[in-house]
Amino acid sequence: HESMTSMQHIVSALRGRVAELGSRLSKPGKQMINLHAKRDNLRALADTFESISALAQMRADMDVLVESTDYPGALTIAEDIQQTLRKDDMIRDLACFRKLPEHVAQTIEKVREAMLRDFIASANLSRDIKTLVS
């Protein structure tokens, strides 16, 4: 009976030792998995910040191009902004960009009206020149 009790103590001690070794061996692996997850999250966050910065810069560029009457450039950037907002829900839902789709639509309309006025003025000028030459 004593040998059986001592054997149970030995087996119990060995089980404890195996559990301790298993814990120590699996801990670095778990830490590695957690670090990889954190790295992936940080990369995603950095990408989001870059997208936010790029979108803010595109808005500023679009407004400058409209003011400088570079209408084709402004329309190109407006299209880029719309595409960025369509493909990234999280950025579109940020408070700082909630009114951006409306601003872009207004800018596009403003550019179209300006281009139409310029075209009409140019057409009238061509007709006036033909009248003067004749």
# chains A, B, ... in the order shown; residues from 1 in each chain; ligands from 1
>>> residues_around(residues="A:Ser51", least_positions_apart="5", cutoff="12 Å", atoms="only C-alpha atoms", output="list in words")
Ala44, Leu45, Ala46, Ala56, Gln57, Met58, Asp80, Ile81, Thr84, Leu85, Lys87, Asp88, Asp89, Met90, Ile91, Arg92, Leu94 and Phe97 of chain A
>>> closest_residue(among="A:His103, A:Lys27, A:Arg43, A:Ser122", to="A:Ala60", atoms="only C-alpha atoms")
A:His103
>>> closest_residue(among="A:Ala95, A:Ala74, A:Glu102, A:Glu79", to="A:Met115", atoms="only C-alpha atoms")
A:Ala74
>>> closest_residue(among="A:His1, A:Leu25, A:Thr107, A:Ile120", to="A:Asp63", atoms="only C-alpha atoms")
A:Thr107
